[in-house]
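Peer 1: Contents of protein-v5.pdb (PDB, C-alpha atoms) are given next:
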ATOM      1  CA  MET A  67      30.521  71.626 119.428  1.00  0.00           C
ATOM      2  CA  GLU A  68      32.613  69.924 116.779  1.00  0.00           C
ATOM      3  CA  SER A  69      31.953  72.616 114.188  1.00  0.00           C
ATOM      4  CA  THR A  70      33.346  75.267 116.556  1.00  0.00           C
ATOM      5  CA  ASN A  71      36.557  73.277 117.103  1.00  0.00           C
ATOM      6  CA  ARG A  72      37.019  72.817 113.355  1.00  0.00           C
ATOM      7  CA  TRP A  73      36.578  76.525 112.751  1.00  0.00           C
ATOM      8  CA  ARG A  74      39.168  77.367 115.433  1.00  0.00           C
ATOM      9  CA  LEU A  75      41.629  74.855 113.994  1.00  0.00           C
ATOM     10  CA  GLN A  76      41.174  76.198 110.471  1.00  0.00           C
ATOM     11  CA  ARG A  77      41.487  79.757 111.728  1.00  0.00           C
ATOM     12  CA  GLN A  78      44.702  78.928 113.593  1.00  0.00           C
ATOM     13  CA  VAL A  79      46.156  77.216 110.544  1.00  0.00           C
ATOM     14  CA  SER A  80      45.245  80.179 108.360  1.00  0.00           C
ATOM     15  CA  VAL A  81      46.844  82.654 110.774  1.00  0.00           C
ATOM     16  CA  SER A  82      49.950  80.461 110.949  1.00  0.00           C
ATOM     17  CA  VAL A  83      50.189  80.277 107.153  1.00  0.00           C
ATOM     18  CA  PHE A  84      49.624  84.023 106.953  1.00  0.00           C
ATOM     19  CA  PHE A  85      52.505  84.712 109.363  1.00  0.00           C
ATOM     20  CA  GLN A  86      54.740  82.264 107.507  1.00  0.00           C
ATOM     21  CA  LEU A  87      54.003  84.064 104.241  1.00  0.00           C
ATOM     22  CA  ILE A  88      54.738  87.441 105.825  1.00  0.00           C
ATOM     23  CA  THR A  89      58.014  86.095 107.241  1.00  0.00           C
ATOM     24  CA  LEU A  90      58.962  84.626 103.872  1.00  0.00           C
ATOM     25  CA  ALA A  91      58.142  87.899 102.113  1.00  0.00           C
ATOM     26  CA  ALA A  92      60.215  89.834 104.670  1.00  0.00           C
ATOM     27  CA  LEU A  93      63.160  87.485 104.129  1.00  0.00           C
ATOM     28  CA  ILE A  94      62.894  87.878 100.364  1.00  0.00           C
ATOM     29  CA  VAL A  95      62.769  91.676 100.588  1.00  0.00           C
ATOM     30  CA  THR A  96      65.661  91.763 103.052  1.00  0.00           C
ATOM     31  CA  SER A  97      67.735  89.502 100.828  1.00  0.00           C
ATOM     32  CA  TRP A  98      66.942  91.667  97.805  1.00  0.00           C
ATOM     33  CA  VAL A  99      67.985  94.845  99.608  1.00  0.00           C
ATOM     34  CA  ASN A 100      71.187  93.185 100.810  1.00  0.00           C
ATOM     35  CA  LEU A 101      71.928  91.962  97.285  1.00  0.00           C
ATOM     36  CA  GLN A 102      71.413  95.461  95.881  1.00  0.00           C
ATOM     37  CA  ARG A 103      73.773  96.892  98.508  1.00  0.00           C
ATOM     38  CA  GLN A 104      76.399  94.288  97.659  1.00  0.00           C
ATOM     39  CA  LEU A 105      76.016  95.043  93.934  1.00  0.00           C
ATOM     40  CA  ASP A 106      76.495  98.748  94.630  1.00  0.00           C
ATOM     41  CA  LEU A 107      79.691  97.995  96.548  1.00  0.00           C
ATOM     42  CA  VAL A 108      80.991  95.763  93.753  1.00  0.00           C
ATOM     43  CA  SER A 109      80.131  98.430  91.181  1.00  0.00           C
ATOM     44  CA  HIS A 110      82.031 101.033  93.199  1.00  0.00           C
ATOM     45  CA  ASP A 111      85.035  98.731  93.514  1.00  0.00           C
ATOM     46  CA  VAL A 112      85.024  97.986  89.776  1.00  0.00           C
ATOM     47  CA  LYS A 113      84.928 101.704  88.978  1.00  0.00           C
ATOM     48  CA  GLN A 114      87.915 102.278  91.261  1.00  0.00           C
ATOM     49  CA  LEU A 115      89.806  99.414  89.622  1.00  0.00           C
ATOM     50  CA  LEU A 116      89.109 100.809  86.158  1.00  0.00           C
ATOM     51  CA  THR A 117      90.314 104.239  87.208  1.00  0.00           C
ATOM     52  CA  ALA A 118      93.487 102.765  88.687  1.00  0.00           C
ATOM     53  CA  GLN A 119      94.030 100.694  85.547  1.00  0.00           C
ATOM     54  CA  GLU A 120      93.683 103.774  83.333  1.00  0.00           C
ATOM     55  CA  LYS A 121      96.241 105.645  85.450  1.00  0.00           C
ATOM     56  CA  LEU A 122      98.614 102.699  85.308  1.00  0.00           C
ATOM     57  CA  CYS A 123      98.234 102.434  81.521  1.00  0.00           C
ATOM     58  CA  ASP A 124      99.001 106.149  81.170  1.00  0.00           C
ATOM     59  CA  LYS A 125     102.121 105.765  83.310  1.00  0.00           C
ATOM     60  CA  LEU A 126     103.230 102.721  81.310  1.00  0.00           C
ATOM     61  CA  GLU A 127     102.770 104.587  78.026  1.00  0.00           C
ATOM     62  CA  THR A 128     104.829 107.481  79.347  1.00  0.00           C
ATOM     63  CA  LEU A 129     107.501 105.087  80.538  1.00  0.00           C
ATOM     64  CA  GLN A 130     107.545 103.337  77.170  1.00  0.00           C
ATOM     65  CA  GLU A 131     107.918 106.654  75.352  1.00  0.00           C
ATOM     66  CA  ARG A 132     110.801 107.634  77.617  1.00  0.00           C
ATOM     67  CA  THR A 133     112.455 104.245  77.142  1.00  0.00           C
ATOM     68  CA  ILE A 134     112.260 104.542  73.355  1.00  0.00           C
ATOM     69  CA  ALA A 135     113.627 108.075  73.466  1.00  0.00           C
ATOM     70  CA  HIS A 136     116.513 106.987  75.704  1.00  0.00           C
ATOM     71  CA  GLU A 137     117.248 104.050  73.413  1.00  0.00           C
ATOM     72  CA  TYR A 138     117.572 106.372  70.416  1.00  0.00           C
ATOM     73  CA  ARG A 139     119.765 108.714  72.417  1.00  0.00           C
ATOM     74  CA  LEU A 140     121.958 105.816  73.511  1.00  0.00           C
ATOM     75  CA  GLN A 141     122.239 104.547  69.936  1.00  0.00           C
ATOM     76  CA  THR A 142     123.203 108.022  68.763  1.00  0.00           C
ATOM     77  CA  ILE A 143     125.836 108.365  71.477  1.00  0.00           C
ATOM     78  CA  GLU A 144     127.257 104.916  70.693  1.00  0.00           C
ATOM     79  CA  GLN A 145     127.408 105.708  66.998  1.00  0.00           C
ATOM     80  CA  LYS A 146     129.184 109.003  67.658  1.00  0.00           C
ATOM     81  CA  ARG A 147     131.706 107.322  69.947  1.00  0.00           C
ATOM     82  CA  SER A 148     132.471 104.505  67.545  1.00  0.00           C
ATOM     83  CA  GLY A 149     132.618 106.897  64.615  1.00  0.00           C
ATOM     84  CA  ALA A 150     130.241 104.726  62.642  1.00  0.00           C
ATOM     85  CA  SER A 151     128.534 106.372  59.746  1.00  0.00           C
ATOM     86  CA  ARG A 152     125.800 103.778  59.379  1.00  0.00           C
ATOM     87  CA  PRO A 153     122.198 104.998  59.714  1.00  0.00           C
ATOM     88  CA  MET A 154     120.307 104.102  62.835  1.00  0.00           C
ATOM     89  CA  GLY A 155     118.546 100.747  62.713  1.00  0.00           C
ATOM     90  CA  CYS A 156     121.017  99.192  60.250  1.00  0.00           C
ATOM     91  CA  GLU A 157     123.370  96.830  62.047  1.00  0.00           C
TER
END
Reformat the file's structure so that it appears as structure tokens.

Peer 2:
Amino acid sequence: MESTNRWRLQRQVSVSVFFQLITLAALIVTSWVNLQRQLDLVSHDVKQLLTAQEKLCDKLETLQERTIAHEYRLQTIEQKRSGASRPMGCE
């Protein structure tokens, strides 16, 4: 009679360990899938940020070019008004 009880106890422990391992494996897989999804979202966000940064840099370069051009125009106008014959850049 004792050998039957031992076998049942060992069988119950084995089934319990088996279910715990399955649950642990399911948690690991679920966490991995969630992590991959989060990484995809971060990757998408980073790509959008890089695109926005490139657009902003292009706009800043254009603005800088316009500013330089307007500065030269302003210097030329000021020189013409003051009647100065000095070359630009020499002050």

Peer 1: Could you tell me how far atom CA of A:Cys123 lies from atom CA of A:Val108, in Å and to one decimal?

Peer 2: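 Atom CA of A:Cys123 sits 22.2 Å away from atom CA of A:Val108.
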
Peer 1: Report, in Å to a single decimal, how far apart atom CA of A:Leu126 and atom CA of A:Thr142 are.

Peer 2: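 Atom CA of A:Leu126 lies at a distance of 24.2 Å from atom CA of A:Thr142.
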
Peer 1: Rounded to one decimal place, report the atom CA of A:Leu129-atom CA of A:Leu116 distance in Å.

Peer 2: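 Distance reported for this atom pair: 19.7 Å.
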